[in-house]
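Pasted below: target.txt, compact mmCIF, C-alpha atoms.
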```
# COMPACT_ATOMS: atom_id res chain seq x y z
CA MET A 1 -31.17 38.05 278.94
CA ALA A 2 -31.53 39.49 275.45
CA SER A 3 -30.83 37.21 272.49
CA TRP A 4 -29.02 38.39 269.36
CA SER A 5 -29.94 37.38 265.85
CA SER A 6 -27.47 37.55 262.98
CA ASP A 7 -29.18 40.73 261.75
CA THR A 8 -29.41 42.51 265.10
CA PRO A 9 -27.82 45.97 264.76
CA CYS A 10 -24.76 45.54 267.00
CA SER A 11 -23.42 49.00 267.60
CA CYS A 12 -20.95 51.28 269.30
CA ASP A 13 -19.81 54.77 268.42
CA CYS A 14 -16.43 56.35 269.20
CA PHE A 15 -15.35 59.97 268.70
CA VAL A 16 -11.90 61.56 268.94
CA SER A 17 -11.09 65.27 268.72
CA VAL A 18 -7.51 66.51 268.35
CA PRO A 19 -6.41 70.19 268.33
CA PRO A 20 -7.21 72.44 266.55
CA ALA A 21 -10.71 70.87 266.61
CA SER A 22 -10.69 70.71 270.42
CA ALA A 23 -11.54 73.87 272.38
CA ILE A 24 -8.51 73.36 274.63
CA PRO A 25 -5.05 71.89 273.90
CA ALA A 26 -6.20 68.35 274.58
CA VAL A 27 -7.39 65.18 272.90
CA ILE A 28 -11.06 64.55 273.72
CA PHE A 29 -12.25 60.95 273.49
CA ALA A 30 -15.85 59.75 273.72
CA LYS A 31 -17.60 56.40 273.44
CA ASN A 32 -21.03 54.84 273.77
CA SER A 33 -21.03 51.14 274.52
CA ASP A 34 -24.12 49.56 272.94
CA ARG A 35 -24.80 46.08 274.23
CA PRO A 36 -27.72 43.74 275.07
CA ARG A 37 -30.16 45.95 276.94
CA ASP A 38 -30.15 43.93 280.19
CA GLU A 39 -26.36 43.63 280.39
CA VAL A 40 -24.82 45.51 283.33
CA GLN A 41 -21.62 47.52 283.01
CA GLU A 42 -19.54 48.24 286.08
CA VAL A 43 -16.75 50.80 286.54
CA VAL A 44 -13.65 49.12 287.92
CA PHE A 45 -10.50 50.75 289.28
CA VAL A 46 -7.43 48.50 289.29
CA PRO A 47 -4.31 49.92 291.01
CA ALA A 48 -0.81 49.51 289.61
CA GLY A 49 0.83 46.23 290.55
CA THR A 50 3.99 44.16 290.44
CA HIS A 51 3.94 40.47 289.57
CA ALA A 52 6.27 37.54 290.16
CA PRO A 53 8.29 36.16 287.22
CA GLY A 54 6.43 33.38 285.43
CA SER A 55 3.01 34.51 286.66
CA ARG A 56 -0.04 33.64 284.57
CA LEU A 57 -3.08 35.86 284.07
CA GLN A 58 -6.63 34.57 283.62
CA CYS A 59 -8.51 36.64 281.05
CA THR A 60 -12.14 36.00 280.08
CA TYR A 61 -11.52 32.58 278.50
CA ILE A 62 -7.80 31.87 278.36
CA GLU A 63 -4.63 32.48 280.35
CA VAL A 64 -1.72 34.60 279.12
CA GLU A 65 1.69 35.32 280.58
CA GLN A 66 1.73 38.17 283.10
CA VAL A 67 4.21 41.04 282.89
CA SER A 68 6.34 42.22 285.79
CA ARG A 69 4.51 45.53 286.24
CA THR A 70 1.03 46.74 285.34
CA HIS A 71 -0.31 50.31 285.34
CA ALA A 72 -3.34 51.62 287.23
CA VAL A 73 -6.49 51.58 285.07
CA ILE A 74 -10.11 52.72 285.18
CA LEU A 75 -12.43 50.47 283.16
CA SER A 76 -16.04 50.43 282.04
CA ARG A 77 -16.82 46.79 281.37
CA PRO A 78 -19.65 44.28 280.98
CA SER A 79 -19.59 42.77 284.46
CA TRP A 80 -19.37 39.13 283.32
CA LEU A 81 -16.00 39.41 281.54
CA TRP A 82 -12.38 40.26 282.41
CA GLY A 83 -11.65 42.90 279.78
CA ALA A 84 -13.41 46.20 279.10
CA GLU A 85 -15.41 48.11 276.50
CA MET A 86 -13.47 51.31 277.21
CA GLY A 87 -11.04 52.69 279.72
CA ALA A 88 -7.88 54.63 280.48
CA ASN A 89 -4.67 54.27 282.46
CA GLU A 90 -2.61 56.48 284.74
CA HIS A 91 -0.36 57.57 281.83
CA GLY A 92 -3.17 59.10 279.78
CA VAL A 93 -3.64 56.19 277.37
CA CYS A 94 -7.34 55.90 276.51
CA ILE A 95 -8.85 53.09 274.39
CA GLY A 96 -12.29 52.07 273.15
CA ASN A 97 -13.30 49.10 271.05
CA GLU A 98 -15.80 48.52 268.27
CA ALA A 99 -17.20 45.33 266.75
CA VAL A 100 -16.39 44.91 263.06
CA TRP A 101 -16.89 42.17 260.48
CA THR A 102 -14.35 41.67 257.69
CA LYS A 103 -13.50 39.21 254.92
CA GLU A 104 -11.22 37.42 257.34
CA PRO A 105 -13.08 34.61 259.17
CA VAL A 106 -14.03 35.20 262.79
CA GLY A 107 -12.52 32.68 265.19
CA GLU A 108 -15.21 30.91 267.21
CA GLY A 109 -12.66 29.06 269.33
CA GLU A 110 -11.91 30.64 272.69
CA ALA A 111 -8.98 33.05 272.58
CA LEU A 112 -8.62 36.66 273.68
CA LEU A 113 -11.69 38.85 273.32
CA GLY A 114 -11.14 42.27 271.79
CA MET A 115 -12.18 43.60 275.20
CA ASP A 116 -9.40 41.56 276.83
CA LEU A 117 -6.89 43.07 274.39
CA LEU A 118 -8.09 46.54 275.36
CA ARG A 119 -7.50 45.97 279.08
CA LEU A 120 -4.16 44.26 278.51
CA ALA A 121 -3.00 47.22 276.43
CA LEU A 122 -4.03 49.71 279.13
CA GLU A 123 -2.31 47.74 281.87
CA ARG A 124 0.91 47.32 279.88
CA SER A 125 1.46 50.56 277.93
CA SER A 126 2.41 54.15 278.70
CA SER A 127 1.66 55.59 275.23
CA ALA A 128 -0.69 55.00 272.30
CA LEU A 129 2.23 53.63 270.26
CA GLU A 130 3.13 51.17 272.99
CA ALA A 131 -0.54 50.14 273.27
CA LEU A 132 -0.56 49.41 269.53
CA ARG A 133 2.48 47.16 269.94
CA VAL A 134 0.95 45.33 272.91
CA ILE A 135 -2.28 44.62 271.03
CA THR A 136 -0.60 43.52 267.81
CA ASP A 137 1.89 41.28 269.65
CA LEU A 138 -0.94 39.60 271.58
CA LEU A 139 -2.99 39.28 268.37
CA ALA A 140 -0.09 37.47 266.71
CA ARG A 141 0.39 35.11 269.65
CA TYR A 142 -3.18 34.37 270.75
CA GLY A 143 -5.59 35.80 268.17
CA GLN A 144 -9.16 36.93 268.85
CA GLY A 145 -11.94 34.50 269.58
CA GLY A 146 -14.80 33.44 271.82
CA SER A 147 -18.32 34.67 272.38
CA CYS A 148 -18.70 38.37 273.13
CA ARG A 149 -22.04 37.99 274.88
CA GLU A 150 -23.34 36.25 277.98
CA ASP A 151 -25.60 33.81 276.20
CA PRO A 152 -25.55 30.10 275.24
CA THR A 153 -25.69 31.09 271.55
CA PRO A 154 -22.29 32.60 270.73
CA CYS A 155 -21.70 35.89 268.94
CA CYS A 156 -18.17 36.47 267.67
CA TYR A 157 -16.60 39.44 265.91
CA HIS A 158 -13.36 41.28 265.31
CA ASN A 159 -12.62 44.61 266.97
CA THR A 160 -11.25 47.99 265.99
CA PHE A 161 -9.48 50.09 268.64
CA PRO A 162 -9.56 53.89 268.71
CA LEU A 163 -6.62 54.91 270.91
CA ALA A 164 -6.24 58.51 269.73
CA ASP A 165 -4.63 56.62 266.85
CA VAL A 166 -6.89 54.01 265.20
CA LEU A 167 -5.90 50.34 265.11
CA GLU A 168 -8.06 48.01 263.02
CA PRO A 169 -7.41 44.25 263.06
CA ALA A 170 -8.78 41.80 260.50
CA GLY A 171 -8.19 38.41 262.07
CA ARG A 172 -4.53 38.50 263.12
CA LEU A 173 -3.75 41.08 260.43
CA TRP A 174 -4.08 44.80 261.14
CA ALA A 175 -3.61 48.37 259.93
CA ALA A 176 -3.19 51.55 261.97
CA GLN A 177 -3.72 55.22 261.18
CA ARG A 178 -2.38 58.06 263.28
CA ILE A 179 -4.85 60.88 263.90
CA GLN A 180 -2.80 64.07 263.61
CA GLU A 181 -5.50 66.72 263.90
CA GLY A 182 -9.22 67.38 263.59
CA ALA A 183 -12.11 65.15 264.65
CA ARG A 184 -12.84 61.53 263.79
CA ASN A 185 -15.60 59.02 264.50
CA ILE A 186 -15.97 55.26 264.10
CA SER A 187 -19.18 53.20 263.98
CA ASN A 188 -18.69 49.43 263.62
CA GLN A 189 -16.97 49.49 260.25
CA LEU A 190 -13.42 49.58 258.98
CA SER A 191 -12.34 53.18 258.52
CA VAL A 192 -8.58 53.10 257.86
CA GLY A 193 -8.26 53.70 254.13
CA THR A 194 -5.11 54.64 252.23
CA ASP A 195 -3.54 56.75 255.00
CA ILE A 196 -1.87 53.86 256.84
CA SER A 197 0.75 54.67 259.48
CA ALA A 198 1.69 51.05 260.26
CA GLU A 199 0.51 47.60 259.20
CA HIS A 200 1.05 43.86 259.62
CA ALA A 201 3.93 42.62 257.47
CA ASP A 202 1.67 40.11 255.66
CA LEU A 203 -1.35 42.39 255.18
CA ARG A 204 -0.92 43.12 251.47
CA THR A 205 0.41 39.65 250.67
CA ARG A 206 -2.77 38.15 252.15
CA ALA A 207 -5.01 40.55 250.23
CA LEU A 208 -3.17 39.74 246.98
CA ALA A 209 -3.30 35.98 247.54
CA GLN A 210 -7.06 36.08 248.24
CA GLY A 211 -7.76 38.16 245.12
CA TRP A 212 -9.06 41.09 247.18
CA TRP A 213 -6.43 43.46 245.79
CA ASP A 214 -4.72 43.52 242.40
CA GLY A 215 -1.35 44.67 243.71
CA GLN A 216 -1.33 47.66 241.36
CA SER A 217 -4.05 50.03 242.55
CA THR A 218 -3.68 52.15 245.69
CA PHE A 219 -4.10 49.93 248.72
CA ASP A 220 -7.22 50.93 250.68
CA PHE A 221 -7.46 48.77 253.81
CA ALA A 222 -11.16 49.41 254.50
CA GLN A 223 -12.12 48.80 250.88
CA VAL A 224 -9.99 45.68 250.52
CA PHE A 225 -10.96 43.94 253.78
CA SER A 226 -14.60 45.03 254.23
CA LEU A 227 -17.29 42.52 253.34
CA THR A 228 -18.62 42.88 249.80
CA GLN A 229 -22.16 42.00 250.91
CA GLN A 230 -22.73 43.92 254.11
CA PRO A 231 -25.04 42.43 256.78
CA VAL A 232 -27.86 44.55 258.18
CA ARG A 233 -25.81 45.40 261.27
CA MET A 234 -23.12 47.01 259.11
CA GLU A 235 -25.59 48.96 256.97
CA ALA A 236 -27.15 50.42 260.14
CA ALA A 237 -23.66 51.41 261.30
CA LYS A 238 -23.10 53.44 258.13
CA ALA A 239 -26.08 55.68 258.91
CA ARG A 240 -24.77 56.30 262.44
CA PHE A 241 -21.29 56.98 261.09
CA TRP A 242 -22.51 59.69 258.72
CA ALA A 243 -24.76 61.20 261.41
CA GLY A 244 -21.83 61.27 263.85
CA GLN A 245 -19.62 62.92 261.26
CA GLN A 246 -22.23 65.62 260.67
CA LEU A 247 -22.60 66.26 264.41
CA LEU A 248 -18.84 66.78 264.64
CA GLN A 249 -18.81 69.05 261.59
CA GLN A 250 -21.53 71.24 263.10
CA GLN A 251 -18.98 72.40 265.67
CA GLN A 252 -16.85 75.37 264.73
CA GLN A 253 -13.09 74.83 264.53
CA GLY A 254 -11.87 74.76 268.11
CA GLY A 255 -15.39 74.25 269.45
CA ILE A 256 -15.32 70.63 270.63
CA THR A 257 -15.44 70.21 274.40
CA ALA A 258 -16.20 67.33 276.74
CA GLU A 259 -19.73 68.70 277.09
CA VAL A 260 -20.16 68.75 273.30
CA MET A 261 -19.07 65.12 273.16
CA MET A 262 -21.58 64.23 275.88
CA GLY A 263 -24.29 65.89 273.81
CA ILE A 264 -23.33 63.82 270.76
CA LEU A 265 -23.41 60.60 272.80
CA ARG A 266 -26.92 61.56 273.94
CA ASN A 267 -28.25 62.02 270.40
CA LYS A 268 -31.15 59.59 270.01
CA GLU A 269 -32.37 60.75 266.58
CA SER A 270 -29.18 59.46 264.93
CA GLY A 271 -29.21 56.17 266.83
CA ILE A 272 -25.89 57.07 268.49
CA CYS A 273 -27.74 56.90 271.82
CA MET A 274 -29.06 53.41 271.12
CA ASP A 275 -32.41 52.06 272.29
CA SER A 276 -33.57 49.55 269.73
CA GLY A 277 -35.11 46.17 270.36
CA GLY A 278 -32.75 44.08 272.42
CA PHE A 279 -30.01 46.73 272.43
CA ARG A 280 -29.30 50.00 274.17
CA THR A 281 -26.38 52.16 275.20
CA THR A 282 -25.39 50.46 278.46
CA ALA A 283 -22.55 52.81 279.47
CA SER A 284 -20.72 55.90 278.20
CA MET A 285 -17.37 57.60 278.67
CA VAL A 286 -15.78 60.94 277.77
CA SER A 287 -12.10 61.69 278.47
CA ILE A 288 -10.03 64.87 278.37
CA LEU A 289 -6.34 64.11 277.66
CA PRO A 290 -4.31 67.36 277.92
CA ARG A 291 -1.27 67.82 275.69
CA ASP A 292 0.54 69.31 278.71
CA PRO A 293 1.93 66.29 280.64
CA THR A 294 1.83 68.25 283.90
CA GLN A 295 -1.96 68.44 283.72
CA PRO A 296 -4.14 65.53 284.86
CA CYS A 297 -6.42 63.64 282.50
CA VAL A 298 -10.11 63.73 283.41
CA HIS A 299 -12.36 60.77 282.58
CA PHE A 300 -16.16 61.04 282.82
CA LEU A 301 -18.04 57.73 283.19
CA THR A 302 -21.75 57.00 283.63
CA ALA A 303 -21.76 53.39 285.00
CA THR A 304 -25.46 53.37 284.03
CA PRO A 305 -27.39 52.92 280.77
CA ASP A 306 -28.80 55.62 278.47
CA PRO A 307 -26.50 58.68 278.63
CA SER A 308 -29.47 60.96 277.90
CA ARG A 309 -30.73 60.09 281.38
CA SER A 310 -27.44 59.43 283.18
CA VAL A 311 -24.76 61.48 284.92
CA PHE A 312 -21.20 61.66 283.58
CA LYS A 313 -19.02 61.58 286.72
CA PRO A 314 -15.35 62.70 286.76
CA PHE A 315 -12.51 60.30 287.59
CA ILE A 316 -8.90 61.46 288.04
CA PHE A 317 -5.95 59.24 288.89
CA GLY A 318 -4.47 60.33 292.19
CA ALA A 319 -3.27 59.16 295.58
CA GLY A 320 -6.82 58.68 296.84
CA ALA A 321 -8.13 56.74 293.84
CA ALA A 322 -10.00 53.63 294.93
CA GLN A 323 -12.85 51.39 293.86
CA ALA A 324 -16.31 52.91 294.29
CA PRO A 325 -18.30 49.98 295.71
CA GLN A 326 -21.65 51.30 294.43
CA VAL A 327 -20.60 50.66 290.79
CA LEU A 328 -19.06 47.22 291.35
CA SER A 329 -21.21 44.22 290.46
CA PRO A 330 -21.55 41.17 292.72
CA THR A 331 -19.21 38.24 292.03
CA PHE A 332 -20.09 34.55 291.88
CA GLY A 333 -16.72 32.76 291.93
CA ALA A 334 -16.66 29.24 290.51
CA ARG A 335 -20.47 29.32 290.17
CA ASP A 336 -20.35 32.15 287.66
CA PRO A 337 -21.94 31.08 284.32
CA VAL A 338 -18.81 32.30 282.48
CA ARG A 339 -16.68 29.89 284.55
CA THR A 340 -18.81 26.72 284.36
CA GLN A 341 -18.86 24.32 281.39
CA PRO A 342 -20.78 24.51 279.15
CA ARG A 343 -20.79 28.27 279.58
CA PHE A 344 -23.79 30.57 280.10
CA GLN A 345 -26.38 27.88 280.88
CA THR A 346 -27.74 29.85 283.84
CA GLN A 347 -28.32 33.52 284.67
CA VAL A 348 -27.25 35.58 287.67
CA ASP A 349 -28.17 39.08 288.86
CA ARG A 350 -25.16 41.32 288.17
CA ARG A 351 -26.83 44.67 288.93
CA HIS A 352 -24.74 46.93 291.17
CA THR A 353 -26.17 49.41 293.68
CA LEU A 354 -26.06 52.49 291.44
CA TYR A 355 -27.58 50.54 288.54
CA LEU A 356 -30.52 49.44 290.72
CA ARG A 357 -31.18 52.97 291.99
CA HIS A 358 -30.82 54.41 288.50
CA GLN A 359 -33.42 51.95 287.15
CA VAL A 360 -35.90 53.14 289.78
CA ALA A 361 -35.12 56.74 288.80
CA LEU A 362 -35.72 55.96 285.11
CA GLY A 363 -39.11 54.56 286.05
CA LEU A 364 -39.98 57.83 287.79
CA ILE A 365 -38.76 59.93 284.84
CA GLU A 366 -41.00 57.94 282.50
CA SER A 367 -44.11 57.68 284.71
CA GLU A 368 -44.29 60.86 286.81
CA GLN A 369 -43.73 64.04 284.83
CA ASP A 370 -43.19 66.52 287.68
CA ARG A 371 -40.96 64.29 289.80
CA GLY A 372 -39.18 63.10 286.67
CA GLN A 373 -38.34 66.66 285.63
CA GLN A 374 -37.03 67.45 289.11
CA LEU A 375 -34.87 64.34 289.02
CA ARG A 376 -33.45 65.18 285.58
CA GLN A 377 -32.60 68.68 286.78
CA LYS A 378 -30.71 67.24 289.75
CA GLN A 379 -28.80 64.98 287.36
CA ARG A 380 -27.90 67.93 285.13
CA ASP A 381 -26.84 70.07 288.09
CA LEU A 382 -24.57 67.33 289.42
CA GLU A 383 -22.98 66.77 286.01
CA GLN A 384 -22.39 70.49 285.53
CA GLU A 385 -20.63 70.57 288.87
CA GLY A 386 -18.25 67.88 287.67
CA LEU A 387 -17.62 69.66 284.36
CA GLU A 388 -16.94 72.93 286.18
CA ALA A 389 -14.53 71.20 288.57
CA ALA A 390 -12.64 69.80 285.56
CA ARG A 391 -12.60 73.21 283.84
CA ARG A 392 -11.18 74.96 286.92
CA LEU A 393 -8.58 72.24 287.39
CA LEU A 394 -7.35 72.36 283.79
CA ALA A 395 -7.37 76.17 283.78
CA GLY A 396 -5.19 76.18 286.90
CA GLU A 397 -7.84 78.06 288.89
CA GLN A 398 -8.12 75.37 291.54
CA VAL A 399 -5.68 72.54 292.27
CA PRO A 400 -6.97 70.26 295.04
CA PRO A 401 -4.53 67.90 296.81
CA PRO A 402 -3.94 64.52 295.08
CA GLN A 403 -5.92 62.67 297.77
CA GLU A 404 -9.00 64.78 297.00
CA LEU A 405 -8.59 64.38 293.24
CA GLY A 406 -8.35 60.61 293.57
CA GLY A 407 -11.58 60.52 295.57
CA LEU A 408 -13.56 62.69 293.15
CA PHE A 409 -15.35 59.86 291.33
CA GLN A 410 -16.34 58.17 294.59
CA ALA A 411 -17.76 61.47 295.90
CA PHE A 412 -19.88 62.00 292.77
CA VAL A 413 -21.13 58.39 292.81
CA GLU A 414 -22.25 58.85 296.43
CA ARG A 415 -24.03 62.10 295.59
CA GLU A 416 -25.78 60.55 292.60
CA SER A 417 -26.90 57.65 294.81
CA GLN A 418 -28.34 60.17 297.27
CA VAL A 419 -30.24 61.90 294.46
CA TYR A 420 -31.95 58.61 293.60
CA ALA A 421 -32.52 57.66 297.24
```
Give the structure from the file, written as structure tokens.
Amino acid sequence: MASWSSDTPCSCDCFVSVPPASAIPAVIFAKNSDRPRDEVQEVVFVPAGTHAPGSRLQCTYIEVEQVSRTHAVILSRPSWLWGAEMGANEHGVCIGNEAVWTKEPVGEGEALLGMDLLRLALERSSSALEALRVITDLLARYGQGGSCREDPTPCCYHNTFPLADVLEPAGRLWAAQRIQEGARNISNQLSVGTDISAEHADLRTRALAQGWWDGQSTFDFAQVFSLTQQPVRMEAAKARFWAGQQLLQQQQQGGITAEVMMGILRNKESGICMDSGGFRTTASMVSILPRDPTQPCVHFLTATPDPSRSVFKPFIFGAGAAQAPQVLSPTFGARDPVRTQPRFQTQVDRRHTLYLRHQVALGLIESEQDRGQQLRQKQRDLEQEGLEAARRLLAGEQVPPPQELGGLFQAFVERESQVYA
């Protein structure tokens, strides 16, 4: 298990494109999840459910009250925790999360992780606005807190949430900015400035009381709440932020597609595709969210590390949607290190079937040039097939029955497994 020092460059990168920047009338969302290099991410499908009044829900560390109905969700998550790094629900709500450090102290006591807030919002909201309300209500009631890594030495941070709009908490305070058009990226730093669509009622009062804002000048959330002395991890994030912005700007107006976003997530020169010391990109996701509500959303997930050598596989909510067992990690019940006290004193093998086969494939790519090239070509061909299926679907050229759409991700996972076998 990788250990994190206080100066380790903790990183994630999120990208959002809104028409007219997008090539089609759709929001395109993309995220790399950069985590300890040996951490396994699984892709989990949770169907919609109904729950008895008074039910309680166990999140990663604490319980919260359950709601009467939850929506179906697809999640990419570190396999040791309850929440998720990124995901979407059946109503086209798509959320990522990013670690940030602000002037507000980080709670080390166990509360809701930012990743728990992300999943709770997906399960309980049918729009980005509703997701914002869910997250801010839960922030006010429970706050954020607890270690965000599977290690005896805790690492705690706040989170920012791109959900087509951008929500950035600082402790229990927060500010949100609505993205109306164009393209936007976030890299582990506060980015909401003066264009604030909504905010916590006490946000400016707190800033004034702490001497962070004079009450007269224009209120800039990122400037007011960002740390004056940035740690190394935040300075590294700035370079990735500017590189990501340039990669977006290189696209002509109306030129951003899901494939373009995948290319950006694979960019190693900028550090967006992370492979540094104890960290790497452990999973990636790109989503197409059409403006036309009659069209299905298409979510591409890798379920494996390093997007430059992984396959983005399409998932669509439908009647046949089910859990793909090859991307589900083993469970350990009461013996799980996250459940025992003190936490994380032992290690368990959380690698799922596709992860194991992918690791063998990576070894071949690195050690045997000819076989490695053949394998990479098979990966590219499979991914192109998924992209073409999504293009035909959204263009109305081919509309498979719901049962077939729901089973699309499972079919691509099986075919990728066969490639590695």
Exercise for the section: Quick one: everything within 9 Å of segment 375-383 of chain A, counting only C-alpha atoms, minus sequence neighbours fewer than 3 positions away in the same chain. Send it as a ChimeraX atom specification. Expected result: /A:309-314,361,364-365,370-372,386-388,412,415-416,419-420
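Between Arg133 of chain A and the candidates A:Glu259, A:Glu98, A:Glu199, A:Asp214, the tightest atom-to-atom separation, counting all atoms listed in the file, involves A:Glu199.
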Problem - Counting only C-alpha atoms, the option among A:Gln374, A:Thr281, A:Gln369, A:Gln384 closest to Arg37 of chain A - result: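 So, comparing all the options, the nearest one is A:Thr281.
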Completion exercise
Across A:Asn32, A:Asn267, A:Gln398, A:Thr50, the smallest distance to Gly96 of chain A, with all atoms listed in the file counted, is shown by A:Asn32
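If only C-alpha atoms are the atoms counted, then among A:Thr102, A:Ser308, A:Tyr355, A:Phe300 the closest residue to Gln223 of chain A is A:Thr102.
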Exercise for the section: May I ask for the distance between atom CA of Val46 of chain A and atom CA of Glu90 of chain A, given in Å to one decimal place? Expected result: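 Between atom CA of Val46 of chain A and atom CA of Glu90 of chain A the gap is 10.4 Å.
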Handout entry: Counting only C-alpha atoms, the residue of A:Ala334, A:Ala303, A:Val67, A:Leu118 that sits nearest Ala52 of chain A
Key = A:Val67
Practice task
Might you pull out every residue within 9 Å of segment 92-94 of chain A, with all atoms listed in the file counted and same-chain residues fewer than 5 positions away left off, and present them as number ranges by chain?
Solution key: A: 29, 86-87, 122, 125-128, 131, 162-164, 287, 289-290, 293, 296-297
Exercise for the section: To one decimal in Å, tell me the separation between atom CA of Ile179 of chain A and atom CA of Ala84 of chain A. Expected result: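 The value is 22.8 Å.
If you look at atom CA of Pro19 of chain A and atom CA of Arg178 of chain A, they are 13.7 Å away from each other.
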